[in-house]
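Participant: Contents of input04.txt (compact mmCIF, C-alpha atoms) are below:
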# COMPACT_ATOMS: atom_id res chain seq x y z
CA GLU A 1 -6.97 -15.29 -7.30
CA ALA A 2 -4.08 -12.86 -7.70
CA GLU A 3 -3.08 -9.72 -5.87
CA LEU A 4 -4.10 -6.41 -7.40
CA GLU A 5 -1.59 -4.78 -9.73
CA VAL A 6 -1.20 -1.21 -8.46
CA GLY A 7 1.31 0.37 -10.77
CA GLN A 8 4.80 0.50 -12.19
CA GLN A 9 7.40 3.19 -11.55
CA SER A 10 11.13 3.71 -11.91
CA VAL A 11 13.64 4.76 -9.27
CA LEU A 12 14.40 8.44 -9.90
CA ALA A 13 17.74 10.20 -9.41
CA GLU A 14 16.41 12.30 -6.52
CA TRP A 15 15.42 9.07 -4.70
CA ILE A 16 19.07 7.94 -4.40
CA ASP A 17 20.83 8.59 -1.09
CA TYR A 18 24.46 8.73 0.04
CA ASN A 19 24.54 4.91 0.21
CA GLY A 20 23.94 4.78 -3.54
CA HIS A 21 20.51 3.16 -3.30
CA MET A 22 16.87 4.17 -2.98
CA ASN A 23 16.34 6.19 0.21
CA VAL A 24 13.82 4.90 2.77
CA ALA A 25 11.55 7.95 2.42
CA TYR A 26 10.99 7.27 -1.27
CA TYR A 27 9.77 3.74 -0.60
CA VAL A 28 6.92 5.42 1.30
CA LEU A 29 6.29 7.71 -1.69
CA ALA A 30 6.34 4.82 -4.17
CA PHE A 31 4.03 2.73 -1.97
CA ASP A 32 1.71 5.74 -1.60
CA ARG A 33 1.41 6.00 -5.38
CA GLY A 34 0.36 2.34 -5.33
CA VAL A 35 -2.22 3.13 -2.64
CA ASP A 36 -3.61 5.87 -4.92
CA GLU A 37 -4.11 3.22 -7.62
CA PHE A 38 -5.67 0.83 -5.06
CA MET A 39 -8.10 3.58 -4.00
CA TYR A 40 -8.97 4.20 -7.65
CA GLN A 41 -9.71 0.48 -8.09
CA MET A 42 -12.01 0.66 -5.02
CA GLY A 43 -13.83 3.61 -6.60
CA ILE A 44 -12.27 6.33 -4.45
CA THR A 45 -11.33 8.77 -7.21
CA PRO A 46 -10.92 12.57 -7.31
CA GLU A 47 -14.58 12.71 -8.41
CA TYR A 48 -15.54 10.58 -5.39
CA LEU A 49 -13.78 13.01 -3.04
CA GLU A 50 -15.71 15.86 -4.64
CA THR A 51 -19.16 14.22 -4.64
CA GLU A 52 -18.96 12.15 -1.42
CA LYS A 53 -16.85 14.68 0.51
CA SER A 54 -14.97 11.64 1.85
CA SER A 55 -11.58 10.00 1.46
CA THR A 56 -9.28 7.58 3.27
CA PHE A 57 -6.51 8.34 5.75
CA THR A 58 -3.63 6.02 6.63
CA LEU A 59 -3.67 4.93 10.28
CA GLU A 60 -0.57 2.76 10.43
CA MET A 61 2.25 1.55 8.21
CA HIS A 62 5.00 -1.03 8.65
CA ILE A 63 7.72 -1.27 5.98
CA ASN A 64 10.22 -4.06 5.49
CA TYR A 65 13.26 -3.26 3.34
CA LEU A 66 14.39 -6.58 1.87
CA GLN A 67 16.69 -5.90 -1.08
CA GLU A 68 18.21 -2.74 -2.51
CA LEU A 69 16.86 -0.79 -5.45
CA HIS A 70 19.09 1.50 -7.53
CA LEU A 71 18.82 4.35 -10.02
CA ASP A 72 16.43 3.67 -12.92
CA ASN A 73 15.39 0.25 -11.57
CA PRO A 74 11.83 -0.49 -12.70
CA ILE A 75 9.48 -1.34 -9.84
CA ARG A 76 6.10 -3.07 -9.81
CA LEU A 77 3.63 -2.89 -6.94
CA THR A 78 0.93 -5.33 -5.90
CA CYS A 79 -1.73 -5.12 -3.19
CA GLN A 80 -3.35 -7.88 -1.16
CA LEU A 81 -6.32 -7.21 1.12
CA LEU A 82 -5.91 -8.85 4.53
CA ASP A 83 -9.08 -7.65 6.30
CA ALA A 84 -11.80 -5.03 6.11
CA ASP A 85 -14.80 -3.75 8.04
CA SER A 86 -17.32 -0.98 7.46
CA LYS A 87 -14.70 1.80 7.83
CA ARG A 88 -11.24 0.24 7.59
CA VAL A 89 -9.12 -1.78 5.19
CA HIS A 90 -6.00 -3.69 6.26
CA TYR A 91 -3.83 -4.37 3.23
CA PHE A 92 -0.36 -5.44 2.20
CA LEU A 93 1.75 -4.01 -0.62
CA ARG A 94 4.70 -5.70 -2.28
CA MET A 95 7.39 -3.87 -4.26
CA PHE A 96 9.22 -5.96 -6.85
CA HIS A 97 12.10 -5.21 -9.16
CA ALA A 98 9.97 -5.32 -12.33
CA GLU A 99 12.62 -6.99 -14.51
CA GLU A 100 14.61 -9.17 -12.10
CA GLY A 101 11.48 -10.15 -10.15
CA TYR A 102 12.91 -10.02 -6.63
CA LEU A 103 10.86 -8.69 -3.70
CA ALA A 104 12.53 -5.42 -2.69
CA ALA A 105 10.17 -4.19 0.05
CA THR A 106 6.77 -4.69 1.65
CA SER A 107 4.36 -2.28 3.31
CA GLU A 108 1.56 -3.39 5.61
CA GLN A 109 -1.01 -0.62 6.07
CA MET A 110 -4.35 0.22 7.62
CA MET A 111 -6.60 2.89 6.12
CA ILE A 112 -9.81 4.38 7.45
CA HIS A 113 -12.65 6.05 5.57
CA VAL A 114 -13.14 9.66 6.68
CA SER A 115 -15.69 12.41 6.07
CA LEU A 116 -13.71 15.39 4.81
CA GLU A 117 -16.32 17.71 6.32
CA SER A 118 -16.37 16.36 9.89
CA ARG A 119 -12.79 14.93 9.73
CA ARG A 120 -14.19 11.84 11.50
CA SER A 121 -14.38 8.23 10.45
CA SER A 122 -17.41 7.20 8.42
CA PRO A 123 -18.58 3.98 6.79
CA PHE A 124 -17.71 3.29 3.17
CA PRO A 125 -20.75 3.84 0.92
CA SER A 126 -22.28 0.63 -0.44
CA GLY A 127 -20.70 0.98 -3.90
CA VAL A 128 -17.20 1.03 -2.41
CA SER A 129 -17.91 -1.55 0.32
CA ASN A 130 -19.25 -3.96 -2.32
CA VAL A 131 -15.99 -3.65 -4.29
CA ILE A 132 -13.97 -4.18 -1.09
CA ASP A 133 -16.09 -7.26 -0.27
CA GLN A 134 -15.42 -8.70 -3.74
CA MET A 135 -11.70 -8.05 -3.35
CA MET A 136 -11.72 -9.68 0.09
CA VAL A 137 -13.41 -12.81 -1.26
CA ALA A 138 -10.82 -13.01 -4.05
CA HIS A 139 -7.90 -12.51 -1.63
CA LYS A 140 -9.06 -14.85 1.17
CA ALA A 141 -7.44 -17.78 -0.66
CA LEU A 142 -4.04 -16.06 -0.90
CA PRO A 143 -1.43 -17.05 1.68
CA PHE A 144 -0.95 -14.61 4.55
CA PRO A 145 2.26 -12.63 3.86
CA ASP A 146 5.36 -13.57 5.85
CA GLN A 147 6.08 -9.94 6.74
CA ALA A 148 2.53 -9.07 7.85
CA GLY A 149 1.53 -8.86 11.51
CA ARG A 150 5.07 -8.65 12.78
CA LYS A 151 6.08 -7.02 16.02
CA MET A 152 9.33 -5.08 15.97
CA GLY A 153 12.03 -6.02 18.44
CA ILE A 154 15.51 -7.44 18.86
CA ARG A 155 15.36 -11.21 19.05
CA ARG A 156 17.55 -12.62 21.81
CA GLY A 157 19.13 -16.08 22.03
Now, as a test, write the supplied structure out as structure tokens.

Facilitator:
Amino acid sequence: EAELEVGQQSVLAEWIDYNGHMNVAYYVLAFDRGVDEFMYQMGITPEYLETEKSSTFTLEMHINYLQELHLDNPIRLTCQLLDADSKRVHYFLRMFHAEEGYLAATSEQMMIHVSLESRRSSPFPSGVSNVIDQMMVAHKALPFPDQAGRKMGIRRG
């Protein structure tokens, strides 16, 4: 089974920094647009927010910057589910140069389902949890990403 396709974008002029490449902050923005598409595929749409009075919040994010992206480069995002429970999803996004195919960056994230009324965590409703379960089954066979689960630190000798 393959990772989820979660959108294509292009590097915009305002995303370029003084080093002449895509600024770190805009990787977060581009990944977040991919998360929006992932949520849509799970069934968490603007209508869902309105009717269920619930959404997801990001708890944690780890980004690896692997290869530069430049102005107008086309990017493609994929998403792989790593784990899930009744309230949380642990997932891994990959950002590729859409034409040259190289892996430019990765983002490991954890989201939690939240009631927008109480602002507290709440279980996914069955319709969404069933979709997540199906995605998890499909992604169990995928290899665990090299960049996932890392601890940051300076390696010594």

Participant: Write out, as JSON lines, each residue of stretch 98-135 of chain A that has an atom at most 10 Å from stretch 28-36 of chain A, together with the closest pair of atoms and their distance in Å to one decimal, counting only C-alpha atoms, rows going by chain and rising number.

Facilitator:
{"residue": "A:Ala105", "atom": "CA", "partner": "A:Phe31", "partner_atom": "CA", "distance": 9.5}
{"residue": "A:Thr106", "atom": "CA", "partner": "A:Phe31", "partner_atom": "CA", "distance": 8.7}
{"residue": "A:Ser107", "atom": "CA", "partner": "A:Phe31", "partner_atom": "CA", "distance": 7.3}
{"residue": "A:Gln109", "atom": "CA", "partner": "A:Val35", "partner_atom": "CA", "distance": 9.6}
{"residue": "A:Met111", "atom": "CA", "partner": "A:Val35", "partner_atom": "CA", "distance": 9.8}

Participant: Got a sec: who's within 10 Å of stretch 41-44 of chain A, counting all atoms listed in the file, leaving out chain neighbours fewer than 2 positions off, as number ranges by chain?

Facilitator: A: 4-6, 35-39, 46-49, 52, 54-56, 124, 127-132, 135

Participant: Go through A:Val137, A:Leu71, A:Leu77, A:Val89 one by one, measure the shortest atom-to-atom distance of each to A:Gly20 using all atoms listed in the file, and give the residue with the smallest value.

Facilitator: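 Using all atoms listed in the file, the shortest distance to A:Gly20 belongs to A:Leu71.
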
Participant: How far is it from atom CA of A:Asn73 to atom CA of A:Phe57, in Å with one decimal?

Facilitator: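 Between atom CA of A:Asn73 and atom CA of A:Phe57 the gap is 29.1 Å.
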
Participant: Under the rule that all atoms listed in the file are counted, which of A:Ile63, A:Val24, A:Ala84, A:Ile154 is the nearest residue to A:Lys140?

Facilitator: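 Closest residue, counting all atoms listed in the file: A:Ala84.
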
Participant: Please, which residues are within 10 Å of (10.4, 1.2, -8.6) by the file's coordinates, counting only C-alpha atoms, and could they come as an MDAnalysis selection string?

Facilitator: chainID A and resid 7:12 22 26:27 30:31 69:77 95:98 104

Participant: Please return, as a PyMOL selection string, all polymer residues that have at least one atom within 12 Å of the point (-15.2, -2.7, 12.1); use all atoms listed in the file and the file's own coordinate frame.

Facilitator: chain A and resi 83-90+111-113+121-124

Participant: Let me make sure I understand: among A:Thr45, A:Gln67, A:Gln134, A:Gln80, which one has the smallest atom-to-atom distance to A:Ala2 if we use all atoms listed in the file?

Facilitator: A:Gln80

Participant: To one decimal in Å, tell me the separation between atom CA of A:Met61 and atom CA of A:Phe144.

Facilitator: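 Pair atom CA of A:Met61 / atom CA of A:Phe144 returns 16.9 Å.
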
Participant: Rounded to one decimal place, report the atom CA of A:Pro145-atom CA of A:Leu93 distance in Å.

Facilitator: 9.7 Å

Participant: Just checking: using all atoms listed in the file, which residue out of A:Glu68, A:Ala138, A:Arg120, A:Met152 ends up closest to A:Asp17?

Facilitator: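 Smallest separation from A:Asp17 among the options: A:Glu68.
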
Participant: I want to know what sits within 12 Å of A:Lys151, based on all atoms listed in the file, with residues of the same chain fewer than 3 positions away left out; could you give that as a PyMOL selection string?

Facilitator: chain A and resi 62-64+108+147-148+154-155

Participant: Given only C-alpha atoms as the basis, pick out the residue of A:Glu3, A:Ser126, A:Glu60, A:Thr51 nearest to A:Cys79.

Facilitator: A:Glu3

Participant: Given the choices A:Leu103, A:Leu82, A:Glu117, A:Tyr18, which gets closest to A:Leu66 if the distance is worked out from only C-alpha atoms?

Facilitator: A:Leu103
